[in-house]
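Chemist: What follows is query14.tsv; its format and atoms are TSV, C-alpha atoms.
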```
chain	number	residue	atom	x	y	z
U	134	MET	CA	21.01	-1.41	4.14
U	135	ILE	CA	18.16	-3.59	2.98
U	136	HIS	CA	15.60	-0.80	2.74
U	137	LYS	CA	16.98	0.24	-0.66
U	138	GLU	CA	17.31	-3.23	-2.17
U	139	ILE	CA	14.09	-3.36	-4.18
U	140	SER	CA	13.29	0.33	-4.62
U	141	ASP	CA	13.50	2.15	-7.93
U	142	LYS	CA	16.79	3.90	-7.08
U	143	GLN	CA	16.05	7.01	-9.14
U	144	PHE	CA	12.87	7.74	-7.18
U	145	GLN	CA	13.77	6.18	-3.83
U	146	MET	CA	13.12	8.52	-0.88
U	147	ASP	CA	13.95	7.55	2.69
U	148	SER	CA	10.90	9.29	4.13
U	149	LEU	CA	8.55	7.39	1.80
U	150	ASP	CA	10.23	4.08	2.64
U	151	GLY	CA	9.58	4.97	6.27
U	152	LEU	CA	5.98	5.91	5.56
U	153	ARG	CA	5.47	2.53	3.90
U	154	GLY	CA	6.84	0.84	7.01
U	155	PHE	CA	4.62	3.01	9.18
U	156	ALA	CA	1.60	1.98	7.10
U	157	ALA	CA	2.43	-1.71	7.65
U	158	LEU	CA	2.82	-1.18	11.39
U	159	ILE	CA	-0.50	0.68	11.55
U	160	VAL	CA	-2.20	-2.38	10.07
U	161	VAL	CA	-0.46	-4.76	12.50
U	162	PHE	CA	-1.17	-2.59	15.54
U	163	SER	CA	-4.79	-2.16	14.50
U	164	HIS	CA	-5.41	-5.85	13.92
U	165	THR	CA	-3.87	-6.81	17.27
U	166	SER	CA	-5.93	-4.10	18.99
U	167	ASN	CA	-9.06	-5.46	17.34
U	168	GLN	CA	-8.34	-8.75	19.16
U	169	GLY	CA	-7.80	-7.04	22.51
U	170	ALA	CA	-3.99	-7.34	22.37
U	171	PHE	CA	-2.13	-4.07	22.92
U	172	PHE	CA	1.55	-3.19	22.65
U	173	LEU	CA	1.31	-0.61	25.44
U	174	PRO	CA	-1.38	0.30	27.97
U	175	LEU	CA	-4.01	2.60	26.45
U	176	LEU	CA	-2.52	2.13	22.94
U	177	ASP	CA	-5.81	1.06	21.40
U	178	LEU	CA	-5.58	1.43	17.63
U	179	SER	CA	-8.69	-0.55	16.82
U	180	GLY	CA	-10.20	0.47	13.52
U	181	VAL	CA	-7.23	2.33	12.01
U	182	GLY	CA	-6.01	-0.54	9.83
U	183	LYS	CA	-7.85	0.87	6.83
U	184	SER	CA	-5.90	4.10	7.27
U	185	GLY	CA	-2.70	2.13	6.76
U	186	VAL	CA	-4.07	0.44	3.65
U	187	TYR	CA	-5.17	3.76	2.14
U	188	LEU	CA	-1.66	5.07	2.83
U	189	PHE	CA	-0.29	2.07	0.91
U	190	PHE	CA	-2.55	2.95	-2.03
U	191	LEU	CA	-1.45	6.61	-1.94
U	192	LEU	CA	2.23	5.74	-1.82
U	193	SER	CA	1.89	3.31	-4.72
U	194	SER	CA	0.09	5.78	-6.96
U	195	PHE	CA	2.48	8.59	-6.01
U	196	LEU	CA	5.66	6.60	-6.57
U	197	LEU	CA	4.48	4.89	-9.77
U	198	THR	CA	3.28	8.16	-11.27
U	199	LEU	CA	6.63	9.97	-10.97
U	200	PRO	CA	8.66	7.78	-13.37
U	201	LEU	CA	5.78	7.51	-15.84
U	202	LEU	CA	5.43	11.29	-15.93
U	203	ARG	CA	9.11	11.53	-16.82
U	204	LYS	CA	8.54	9.24	-19.82
U	205	GLY	CA	5.88	11.57	-21.18
U	206	LYS	CA	4.42	10.46	-24.50
U	207	GLU	CA	6.76	7.46	-24.59
U	208	ILE	CA	4.79	5.66	-21.88
U	209	PHE	CA	3.39	3.00	-24.20
U	210	THR	CA	6.68	2.19	-25.89
U	211	PHE	CA	7.85	-1.39	-25.43
U	212	PRO	CA	10.85	-0.66	-23.13
U	213	VAL	CA	8.79	1.48	-20.75
U	214	MET	CA	5.89	-0.96	-20.50
U	215	SER	CA	8.25	-3.91	-20.19
U	216	HIS	CA	10.05	-2.31	-17.26
U	217	TYR	CA	6.79	-1.21	-15.65
U	218	TRP	CA	5.08	-4.58	-15.81
U	219	GLN	CA	8.10	-6.64	-14.85
U	220	ARG	CA	8.58	-4.59	-11.69
U	221	ARG	CA	4.91	-4.83	-10.83
U	222	PHE	CA	4.62	-8.57	-11.51
U	223	PHE	CA	7.81	-9.67	-9.76
U	224	ARG	CA	7.05	-7.42	-6.78
U	225	ILE	CA	3.63	-8.97	-6.15
U	226	TYR	CA	2.90	-12.30	-7.79
U	227	PRO	CA	5.70	-14.66	-6.66
U	228	LEU	CA	5.08	-14.11	-2.93
U	229	TYR	CA	1.34	-13.71	-3.43
U	230	THR	CA	1.15	-17.05	-5.27
U	231	LEU	CA	3.08	-18.87	-2.53
U	232	TYR	CA	0.88	-17.25	0.10
U	233	LEU	CA	-2.25	-18.51	-1.65
U	234	LEU	CA	-0.73	-21.96	-2.13
U	235	LEU	CA	-0.17	-22.10	1.63
U	236	GLY	CA	-3.90	-21.59	2.04
U	237	VAL	CA	-4.76	-24.35	-0.45
U	238	VAL	CA	-2.30	-26.88	0.98
U	239	SER	CA	-3.17	-26.16	4.63
U	240	THR	CA	-6.89	-26.45	3.86
U	241	TRP	CA	-6.33	-29.85	2.24
U	242	PHE	CA	-4.09	-31.02	5.09
U	243	LEU	CA	-6.53	-30.01	7.84
U	244	VAL	CA	-9.42	-31.76	6.10
U	245	THR	CA	-7.49	-34.90	5.10
U	246	PHE	CA	-5.40	-35.55	8.21
U	247	ILE	CA	-7.06	-33.63	11.05
U	248	GLY	CA	-10.67	-33.88	9.91
U	249	LYS	CA	-11.35	-30.16	10.30
U	250	SER	CA	-13.07	-28.32	7.50
U	251	GLY	CA	-13.54	-24.59	7.05
U	252	ARG	CA	-10.01	-23.80	8.19
U	253	GLY	CA	-6.71	-23.01	6.58
U	254	ILE	CA	-3.54	-21.00	7.01
U	255	PRO	CA	-3.87	-18.07	6.38
U	256	PHE	CA	-7.47	-18.96	5.47
U	257	GLU	CA	-9.51	-21.75	3.91
U	258	LEU	CA	-8.91	-21.80	0.17
U	259	THR	CA	-9.99	-24.18	-2.59
U	260	TRP	CA	-8.22	-24.54	-5.94
U	261	PHE	CA	-11.05	-22.67	-7.64
U	262	GLU	CA	-10.73	-19.81	-5.13
U	263	PHE	CA	-6.96	-19.89	-5.65
U	264	LEU	CA	-7.47	-19.22	-9.36
U	265	LYS	CA	-10.01	-16.47	-8.64
U	266	HIS	CA	-7.51	-14.77	-6.36
U	267	LEU	CA	-4.77	-14.94	-8.99
U	268	ALA	CA	-7.22	-13.44	-11.49
U	269	LEU	CA	-7.92	-10.61	-9.00
U	270	LEU	CA	-11.60	-11.55	-8.80
U	271	GLU	CA	-11.66	-12.28	-5.08
U	272	GLY	CA	-9.77	-11.29	-1.94
U	273	LYS	CA	-9.99	-13.18	1.33
U	274	GLY	CA	-8.41	-11.85	4.48
U	275	VAL	CA	-5.97	-9.04	3.74
U	276	THR	CA	-5.65	-10.01	0.06
U	277	TRP	CA	-8.56	-7.80	-0.99
U	278	SER	CA	-6.17	-4.83	-1.14
U	279	ILE	CA	-3.79	-6.71	-3.46
U	280	ALA	CA	-6.62	-7.25	-5.92
U	281	VAL	CA	-7.50	-3.56	-5.74
U	282	GLU	CA	-3.95	-2.31	-6.21
U	283	PHE	CA	-2.99	-4.61	-9.06
U	284	LYS	CA	-6.12	-3.63	-10.99
U	285	PHE	CA	-5.00	-0.03	-10.58
U	286	TYR	CA	-1.71	-0.88	-12.32
U	287	PHE	CA	-3.66	-1.57	-15.52
U	288	ILE	CA	-5.25	1.87	-15.75
U	289	LEU	CA	-2.42	4.02	-14.40
U	290	PRO	CA	-0.44	4.29	-17.68
U	291	ILE	CA	-3.61	5.35	-19.50
U	292	LEU	CA	-4.35	8.04	-16.91
U	293	ILE	CA	-0.77	9.30	-17.03
U	294	LEU	CA	-0.84	9.59	-20.83
U	295	VAL	CA	-4.04	11.66	-20.59
U	296	ILE	CA	-2.41	13.85	-17.94
U	297	VAL	CA	0.69	14.35	-20.10
U	298	TYR	CA	-1.46	15.80	-22.90
U	299	ILE	CA	-3.76	17.80	-20.62
U	300	ARG	CA	-0.80	19.41	-18.84
U	301	GLN	CA	0.18	21.03	-22.11
U	302	LEU	CA	-3.02	23.10	-21.84
U	303	GLY	CA	-1.95	24.62	-18.54
U	304	THR	CA	-2.48	24.37	-14.78
U	305	ALA	CA	-6.20	25.18	-14.92
U	306	ALA	CA	-6.85	22.34	-17.37
U	307	THR	CA	-4.87	19.90	-15.21
U	308	VAL	CA	-6.73	20.85	-12.03
U	309	SER	CA	-10.02	20.61	-13.92
U	310	LEU	CA	-9.14	17.09	-15.06
U	311	PHE	CA	-8.49	15.91	-11.50
U	312	THR	CA	-11.65	17.63	-10.27
U	313	PHE	CA	-13.63	15.84	-12.98
U	314	LEU	CA	-12.05	12.48	-12.08
U	315	MET	CA	-12.91	12.91	-8.38
U	316	ILE	CA	-16.50	13.93	-9.08
U	317	ALA	CA	-16.94	11.11	-11.60
U	318	SER	CA	-15.59	8.56	-9.12
U	319	GLN	CA	-18.21	9.58	-6.56
U	320	ILE	CA	-21.03	9.56	-9.09
U	321	ILE	CA	-20.12	6.12	-10.39
U	322	SER	CA	-19.13	4.52	-7.08
U	323	PRO	CA	-19.72	6.69	-3.98
U	324	GLN	CA	-17.42	5.91	-1.07
U	325	SER	CA	-20.45	5.56	1.21
U	326	GLU	CA	-21.66	2.56	-0.81
U	327	SER	CA	-18.41	0.59	-0.67
U	328	LEU	CA	-18.38	-2.88	0.85
U	329	THR	CA	-16.21	-4.12	3.70
U	330	ASN	CA	-12.84	-5.22	2.30
U	331	ASP	CA	-14.16	-4.56	-1.19
U	332	ALA	CA	-11.92	-6.15	-3.84
U	333	ARG	CA	-13.26	-3.86	-6.58
U	334	LEU	CA	-11.10	-0.98	-7.77
U	335	LEU	CA	-13.76	1.65	-8.38
U	336	PRO	CA	-14.66	2.41	-4.73
U	337	TYR	CA	-11.02	3.27	-3.99
U	338	MET	CA	-10.30	5.34	-7.11
U	339	PRO	CA	-10.40	8.63	-5.14
U	340	VAL	CA	-7.39	7.44	-3.13
U	341	PHE	CA	-5.39	6.63	-6.25
U	342	ILE	CA	-6.48	9.83	-8.02
U	343	ILE	CA	-5.25	11.91	-5.09
U	344	GLY	CA	-1.97	9.95	-5.12
U	345	ILE	CA	-1.49	10.76	-8.81
U	346	PHE	CA	-2.40	14.41	-8.20
U	347	ILE	CA	0.17	14.93	-5.45
U	348	ALA	CA	2.82	13.31	-7.70
U	349	VAL	CA	1.98	15.84	-10.45
U	350	LEU	CA	1.98	18.62	-7.85
U	351	HIS	CA	5.30	17.46	-6.39
U	352	GLU	CA	6.90	17.49	-9.83
U	353	HIS	CA	5.48	20.95	-10.51
U	354	ILE	CA	6.80	22.27	-7.19
U	355	ASN	CA	10.29	20.97	-7.83
U	356	LYS	CA	10.43	22.28	-11.42
U	357	ASN	CA	9.48	25.79	-10.37
U	358	LYS	CA	11.82	26.28	-7.38
U	359	PRO	CA	9.24	26.97	-4.63
U	360	ASN	CA	9.52	30.18	-2.62
U	361	HIS	CA	9.43	30.49	1.17
U	362	LYS	CA	5.64	30.87	1.25
U	363	VAL	CA	5.11	27.60	-0.63
U	364	MET	CA	7.55	25.75	1.61
U	365	MET	CA	5.90	27.04	4.78
U	366	THR	CA	2.50	26.03	3.40
U	367	LEU	CA	3.76	22.48	2.78
U	368	LYS	CA	5.27	22.38	6.26
U	369	TRP	CA	2.04	23.34	7.99
U	370	LEU	CA	-0.07	21.12	5.75
U	371	GLY	CA	2.05	18.24	7.01
U	372	PHE	CA	1.18	19.06	10.61
U	373	ILE	CA	-2.51	19.41	9.69
U	374	GLY	CA	-2.29	15.96	8.09
U	375	VAL	CA	-0.78	14.45	11.24
U	376	ILE	CA	-3.49	15.99	13.43
U	377	GLY	CA	-6.22	14.84	11.04
U	378	VAL	CA	-5.00	11.24	10.95
U	379	ILE	CA	-4.73	11.16	14.76
U	380	ILE	CA	-8.25	12.55	15.24
U	381	MET	CA	-9.60	9.88	12.86
U	382	THR	CA	-8.45	7.19	15.30
U	383	PRO	CA	-11.80	5.98	16.73
U	384	VAL	CA	-10.73	5.86	20.38
U	385	ILE	CA	-9.27	9.40	20.18
U	386	TYR	CA	-12.26	10.76	18.28
U	387	SER	CA	-14.54	9.26	20.95
U	388	LYS	CA	-12.58	10.98	23.73
U	389	ILE	CA	-12.56	14.34	21.94
U	390	THR	CA	-16.26	14.35	21.08
U	391	GLY	CA	-17.52	12.48	24.12
U	392	VAL	CA	-19.45	10.21	21.77
U	393	SER	CA	-18.43	6.56	21.55
U	394	VAL	CA	-18.05	5.47	17.94
U	395	PRO	CA	-17.51	1.95	16.55
U	396	LYS	CA	-14.06	0.95	15.35
U	397	ASN	CA	-15.22	0.96	11.71
U	398	PHE	CA	-16.58	4.51	12.00
U	399	PHE	CA	-14.09	6.00	9.50
U	400	HIS	CA	-13.58	2.99	7.24
U	401	LYS	CA	-15.47	4.55	4.33
U	402	GLN	CA	-13.85	7.97	4.65
U	403	PHE	CA	-11.41	7.30	1.80
U	404	ILE	CA	-11.20	10.91	0.70
U	405	ALA	CA	-10.60	12.41	4.16
U	406	TYR	CA	-7.88	9.87	4.93
U	407	SER	CA	-6.29	10.45	1.52
U	408	ILE	CA	-6.23	14.22	1.93
U	409	PHE	CA	-4.59	14.06	5.36
U	410	TRP	CA	-2.03	11.45	4.29
U	411	SER	CA	-1.29	13.39	1.08
U	412	PHE	CA	-0.45	16.46	3.20
U	413	ILE	CA	2.00	14.31	5.17
U	414	ILE	CA	3.55	12.84	2.01
U	415	LEU	CA	4.07	16.26	0.38
U	416	SER	CA	5.66	17.59	3.55
U	417	ALA	CA	7.82	14.49	4.02
U	418	VAL	CA	9.33	14.67	0.53
U	419	ASN	CA	9.70	18.44	0.21
U	420	ILE	CA	10.44	19.84	3.67
U	421	ASP	CA	13.58	19.06	5.65
U	422	GLY	CA	11.76	19.10	8.97
U	423	ILE	CA	10.44	16.96	11.78
U	424	ILE	CA	8.02	14.96	9.61
U	425	GLN	CA	10.72	14.05	7.09
U	426	LYS	CA	13.17	13.13	9.85
U	427	LEU	CA	10.58	11.07	11.72
U	428	PHE	CA	9.69	8.91	8.73
U	429	SER	CA	13.33	8.58	7.67
U	430	ILE	CA	14.42	6.72	10.81
U	431	LYS	CA	16.02	3.35	10.14
U	432	ILE	CA	13.47	1.16	11.93
U	433	LEU	CA	10.61	2.52	9.82
U	434	ARG	CA	12.61	2.14	6.60
U	435	PHE	CA	13.44	-1.41	7.66
U	436	TYR	CA	9.74	-2.18	8.01
U	437	GLY	CA	9.14	-0.36	4.73
U	438	THR	CA	11.23	-2.98	2.97
U	439	LEU	CA	9.41	-5.80	4.75
U	440	SER	CA	5.98	-4.20	4.42
U	441	PHE	CA	4.47	-6.58	1.86
U	442	SER	CA	5.46	-9.75	3.71
U	443	LEU	CA	4.57	-8.24	7.08
U	444	TYR	CA	1.17	-7.26	5.76
U	445	LEU	CA	0.49	-10.76	4.45
U	446	PHE	CA	1.75	-12.86	7.34
U	447	HIS	CA	0.80	-10.98	10.51
U	448	PRO	CA	-2.83	-12.26	10.46
U	449	VAL	CA	-1.48	-15.83	10.60
U	450	TYR	CA	0.30	-15.14	13.88
U	451	ILE	CA	-2.63	-13.19	15.30
U	452	SER	CA	-4.88	-16.19	14.64
U	453	LEU	CA	-2.41	-18.65	16.18
U	454	LEU	CA	-1.37	-16.63	19.24
U	455	MET	CA	-4.86	-15.50	20.18
U	456	ARG	CA	-5.79	-19.17	20.69
U	457	LEU	CA	-3.09	-19.60	23.36
U	458	ASN	CA	-4.78	-17.24	25.85
U	459	LEU	CA	-1.53	-15.38	26.51
U	460	ASN	CA	-1.18	-12.08	28.31
U	461	SER	CA	-2.52	-9.49	25.84
U	462	TYR	CA	0.67	-7.41	25.82
U	463	LEU	CA	2.87	-10.49	25.37
U	464	ALA	CA	0.63	-11.73	22.55
U	465	ALA	CA	0.87	-8.38	20.71
U	466	TRP	CA	4.66	-8.31	20.87
U	467	LEU	CA	4.93	-11.97	19.85
U	468	VAL	CA	2.78	-11.21	16.81
U	469	LEU	CA	5.12	-8.39	15.81
U	470	VAL	CA	8.32	-10.34	16.43
U	471	SER	CA	7.09	-13.50	14.68
U	472	SER	CA	5.75	-11.54	11.73
U	473	THR	CA	8.97	-9.54	11.45
U	474	ILE	CA	11.14	-12.68	11.42
U	475	THR	CA	8.92	-14.30	8.80
U	476	ALA	CA	8.89	-11.14	6.69
U	477	TYR	CA	12.67	-10.80	6.88
U	478	LEU	CA	13.26	-14.42	5.88
U	479	THR	CA	10.75	-14.10	3.06
U	480	PHE	CA	12.49	-10.96	1.84
U	481	VAL	CA	15.97	-12.50	1.92
U	482	ILE	CA	14.97	-15.85	0.43
U	483	LEU	CA	12.33	-14.77	-2.10
U	484	GLU	CA	11.62	-11.07	-2.58
U	485	LYS	CA	15.19	-9.79	-2.85
U	486	PRO	CA	16.42	-12.45	-5.32
U	487	ILE	CA	13.31	-12.17	-7.49
U	488	SER	CA	13.57	-8.37	-7.57
U	489	ARG	CA	16.79	-8.84	-9.56
U	490	TYR	CA	15.08	-10.84	-12.30
U	491	LYS	CA	14.55	-9.01	-15.52
U	492	LEU	CA	13.47	-10.34	-18.87
U	493	LYS	CA	16.04	-9.22	-21.41
U	494	PHE	CA	15.05	-8.77	-25.03
U	495	LYS	CA	17.15	-8.77	-28.15
U	496	SER	CA	16.11	-6.74	-31.14
U	497	ASP	CA	13.25	-9.19	-31.55
U	498	PRO	CA	11.04	-8.90	-28.44
U	499	SER	CA	9.86	-12.46	-28.97
U	500	GLN	CA	13.35	-13.72	-28.07
U	501	VAL	CA	13.35	-13.68	-24.31
U	502	LYS	CA	16.05	-14.45	-21.76
U	503	LEU	CA	15.79	-14.62	-18.00
```
What would the structure in this file look like if it were written as structure tokens?
Modeler:
Amino acid sequence: MIHKEISDKQFQMDSLDGLRGFAALIVVFSHTSNQGAFFLPLLDLSGVGKSGVYLFFLLSSFLLTLPLLRKGKEIFTFPVMSHYWQRRFFRIYPLYTLYLLLGVVSTWFLVTFIGKSGRGIPFELTWFEFLKHLALLEGKGVTWSIAVEFKFYFILPILILVIVYIRQLGTAATVSLFTFLMIASQIISPQSESLTNDARLLPYMPVFIIGIFIAVLHEHINKNKPNHKVMMTLKWLGFIGVIGVIIMTPVIYSKITGVSVPKNFFHKQFIAYSIFWSFIILSAVNIDGIIQKLFSIKILRFYGTLSFSLYLFHPVYISLLMRLNLNSYLAAWLVLVSSTITAYLTFVILEKPISRYKLKFKSDPSQVKL
């Protein structure tokens, strides 16, 4: 079963693998809907792609926080940081680098042999822009979110170490810390002032902070053997989260309110999306109910494994297939099938083998083996 191949086995949860796959599919369905291509009649998901990206951010912060919390004050020891950074680097940069190289090479080819400038697959990219992308200074197309997330990896260990010490002062101190972080994030970089596809980290910090918080809360719940009241609360919070996410779909919100809203109406509502998705995550990992079962189905876990490749490559097929003037339903399904095949091949050929790489150190960390 490929959905467990590159997960951290100790913290792997089927429902979260499925949620990751669901997030990827939200982005694909939204981007096809934005182009007028629908998978089913009336299934217009225009404008919800950002919801999927924010779910990616939440899942990353939640899942990365759990193992770091377990390490406690040992976070900044060499073995812990080595493991942390190797997993992060090998998960993102090999495929990301090849993806960017495709842009550089295709841009050169189209200019040199076809005589068309301003185009590339997946987008036009110069060597200078290639280096800026690798340095996380720029993000064309869907790559803006990669720049955001990888920057978050740098500050997460610091935040976790602070949390480890603050937790010793009690629950009130921990809650106060997260409250302070949320307020500070909105004072420094209010969500209302964020840019479209903003590659900066600060505007999206509320999403990551909430992801860290629910990881701390999840650990607390499991350490203290929750009673029936707590479990029922988590169950109903999950349903509230589902309803909230559905209502924040522009076409549904328009029908409910009778007021037509643009597809980007909720794009800057990071906090609302994060709260609703966090309710779903907490329910999915703690309650053996319909939400957990739904997100644990094999097809969603399958797409969870392919999520990174699917996220990167689906815009390529949208761009190509939309130029063929196909039937809109056929075009949508061809985008999904083509993207899935590409993502699967990429996983088998590149992501899965690279996930096994680990730098091994002898007693002297300077002596490195692959």
Chemist: Between atom CA of Ile474 of chain U and atom CA of Leu228 of chain U, what is the spacing in Å?
Modeler: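 Spanning atom CA of Leu228 of chain U to atom CA of Ile474 of chain U is a straight-line distance of 15.6 Å.
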Chemist: Taking all atoms listed in the file into account, which of U:Ile373, U:Leu199, U:Ile424, U:Val470 comes nearest Ile347 of chain U?
Modeler: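 Closest to Ile347 of chain U of all the choices is U:Leu199.
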Chemist: Between U:Phe480, U:Tyr187, U:Trp410, U:Phe311, which residue has the minimum interatomic distance to Phe441 of chain U, considering all atoms listed in the file?
Modeler: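 Of the candidates, the smallest distance to Phe441 of chain U is held by U:Phe480.
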Chemist: Using Å and a single decimal, report how far atom CA of Thr479 of chain U sits from atom CA of Leu439 of chain U.
Modeler: 8.6 Å
Chemist: Could you please determine the separation between atom CA of Ser327 of chain U and atom CA of Gly274 of chain U in Å, to one decimal place?
Modeler: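 Interatomic distance, atom CA of Ser327 of chain U to atom CA of Gly274 of chain U: 16.8 Å.
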Chemist: If we count all atoms listed in the file and set the cut-off at 8 Å, which residues sit around Phe399 of chain U, ignoring sequence neighbours fewer than 2 positions away in its own chain? Please answer as a list in words.
Modeler: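 Within the cut-off, the hits are Gly180, Met381, Pro383, Lys396, Asn397, Lys401 and Gln402 of chain U.
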Chemist: Any idea what's packed within 6 Å of segment 281-289 of chain U, counting all atoms listed in the file, ignoring anything in its chain fewer than 6 positions away? Could you give it as a list in words?
Modeler: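 That gives Ala332, Arg333 and Leu334 of chain U.
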Chemist: Find the residue from U:Val275, U:Leu178, U:Ala476, U:Ile379 that sits nearest to Thr438 of chain U; use all atoms listed in the file when measuring.
Modeler: U:Ala476
Chemist: Pick out the closest residue to Leu197 of chain U from this set: U:Gln145, U:Thr475, U:Ser163, U:Ser393. Count only C-alpha atoms.
Modeler: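 The closest residue to Leu197 of chain U is U:Gln145.
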Chemist: Quick one: residues within 10 Å of segment 430-437 of chain U, all atoms listed in the file counted, chain neighbours fewer than 3 positions away excluded, as number ranges by chain?
Modeler: U: 134-137, 146-158, 425-427, 440-443, 473, 476-477
Chemist: Using only C-alpha atoms, please write the residues we just selected to a file, as a tab-separated table (two decimals), keeping the file's coordinate frame.
Modeler:
```tsv
chain	number	residue	atom	x	y	z
U	134	MET	CA	21.01	-1.41	4.14
U	135	ILE	CA	18.16	-3.59	2.98
U	136	HIS	CA	15.60	-0.80	2.74
U	137	LYS	CA	16.98	0.24	-0.66
U	146	MET	CA	13.12	8.52	-0.88
U	147	ASP	CA	13.95	7.55	2.69
U	148	SER	CA	10.90	9.29	4.13
U	149	LEU	CA	8.55	7.39	1.80
U	150	ASP	CA	10.23	4.08	2.64
U	151	GLY	CA	9.58	4.97	6.27
U	152	LEU	CA	5.98	5.91	5.56
U	153	ARG	CA	5.47	2.53	3.90
U	154	GLY	CA	6.84	0.84	7.01
U	155	PHE	CA	4.62	3.01	9.18
U	156	ALA	CA	1.60	1.98	7.10
U	157	ALA	CA	2.43	-1.71	7.65
U	158	LEU	CA	2.82	-1.18	11.39
U	425	GLN	CA	10.72	14.05	7.09
U	426	LYS	CA	13.17	13.13	9.85
U	427	LEU	CA	10.58	11.07	11.72
U	440	SER	CA	5.98	-4.20	4.42
U	441	PHE	CA	4.47	-6.58	1.86
U	442	SER	CA	5.46	-9.75	3.71
U	443	LEU	CA	4.57	-8.24	7.08
U	473	THR	CA	8.97	-9.54	11.45
U	476	ALA	CA	8.89	-11.14	6.69
U	477	TYR	CA	12.67	-10.80	6.88
```
Chemist: Return the single residue from U:Val295, U:His266, U:Val237, U:Leu191 that is closest to Arg252 of chain U, with distances computed using only C-alpha atoms.
Modeler: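 Of the candidates, the smallest distance to Arg252 of chain U is held by U:Val237.
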Chemist: Do you know which residues are at most 9 Å from Met455 of chain U counting all atoms listed in the file, after dropping those on the same chain fewer than 3 positions away, and could you put them as a list in words?
Modeler: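 Skipping anything fewer than 3 positions along the chain leaves Gln168, Ala170, Tyr450, Ile451, Ser452, Asn458, Leu459, Ser461 and Ala464 of chain U.
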Chemist: My list of candidates is U:Ala348, U:Ile291, U:Ile342, U:Ile404. Which is closest to Met214 of chain U when distances are computed with only C-alpha atoms?
Modeler: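 Nearest candidate to Met214 of chain U out of U:Ala348, U:Ile291, U:Ile342, U:Ile404: U:Ile291.
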Chemist: For segment 416-461 of chain U in the structure I just supplied, write out C-alpha atoms - as a CSV table (one decimal), in the first residue's frame.
Modeler:
```csv
chain,number,residue,atom,x,y,z
U,416,SER,CA,-12.4,14.8,15.0
U,417,ALA,CA,-10.7,12.7,12.3
U,418,VAL,CA,-7.8,11.6,14.6
U,419,ASN,CA,-9.7,11.2,17.8
U,420,ILE,CA,-13.2,10.0,17.0
U,421,ASP,CA,-13.9,6.6,15.4
U,422,GLY,CA,-16.9,8.0,13.5
U,423,ILE,CA,-18.1,9.0,10.0
U,424,ILE,CA,-15.5,11.7,9.5
U,425,GLN,CA,-12.6,9.4,10.4
U,426,LYS,CA,-14.0,6.6,8.2
U,427,LEU,CA,-14.6,9.0,5.3
U,428,PHE,CA,-11.1,10.3,5.2
U,429,SER,CA,-9.6,6.9,5.7
U,430,ILE,CA,-10.9,5.4,2.4
U,431,LYS,CA,-8.2,4.0,0.2
U,432,ILE,CA,-8.7,6.4,-2.8
U,433,LEU,CA,-8.1,9.5,-0.6
U,434,ARG,CA,-5.1,7.9,1.0
U,435,PHE,CA,-3.8,7.0,-2.4
U,436,TYR,CA,-4.1,10.7,-3.5
U,437,GLY,CA,-2.5,11.7,-0.1
U,438,THR,CA,0.6,9.9,-1.1
U,439,LEU,CA,0.6,11.5,-4.6
U,440,SER,CA,-0.5,14.9,-3.3
U,441,PHE,CA,2.8,16.8,-3.8
U,442,SER,CA,3.3,15.7,-7.4
U,443,LEU,CA,-0.4,16.1,-8.2
U,444,TYR,CA,-0.4,19.6,-6.8
U,445,LEU,CA,2.6,20.5,-8.9
U,446,PHE,CA,1.7,19.0,-12.2
U,447,HIS,CA,-2.1,19.4,-12.6
U,448,PRO,CA,-1.8,23.1,-13.8
U,449,VAL,CA,0.3,21.8,-16.7
U,450,TYR,CA,-2.5,19.6,-17.9
U,451,ILE,CA,-5.1,22.3,-17.3
U,452,SER,CA,-3.1,24.7,-19.5
U,453,LEU,CA,-2.7,22.1,-22.3
U,454,LEU,CA,-6.2,20.6,-22.3
U,455,MET,CA,-8.0,23.9,-22.1
U,456,ARG,CA,-6.4,24.8,-25.5
U,457,LEU,CA,-8.0,21.8,-27.2
U,458,ASN,CA,-11.6,23.1,-26.8
U,459,LEU,CA,-12.8,19.8,-25.5
U,460,ASN,CA,-16.1,19.1,-23.8
U,461,SER,CA,-15.7,20.7,-20.4
```
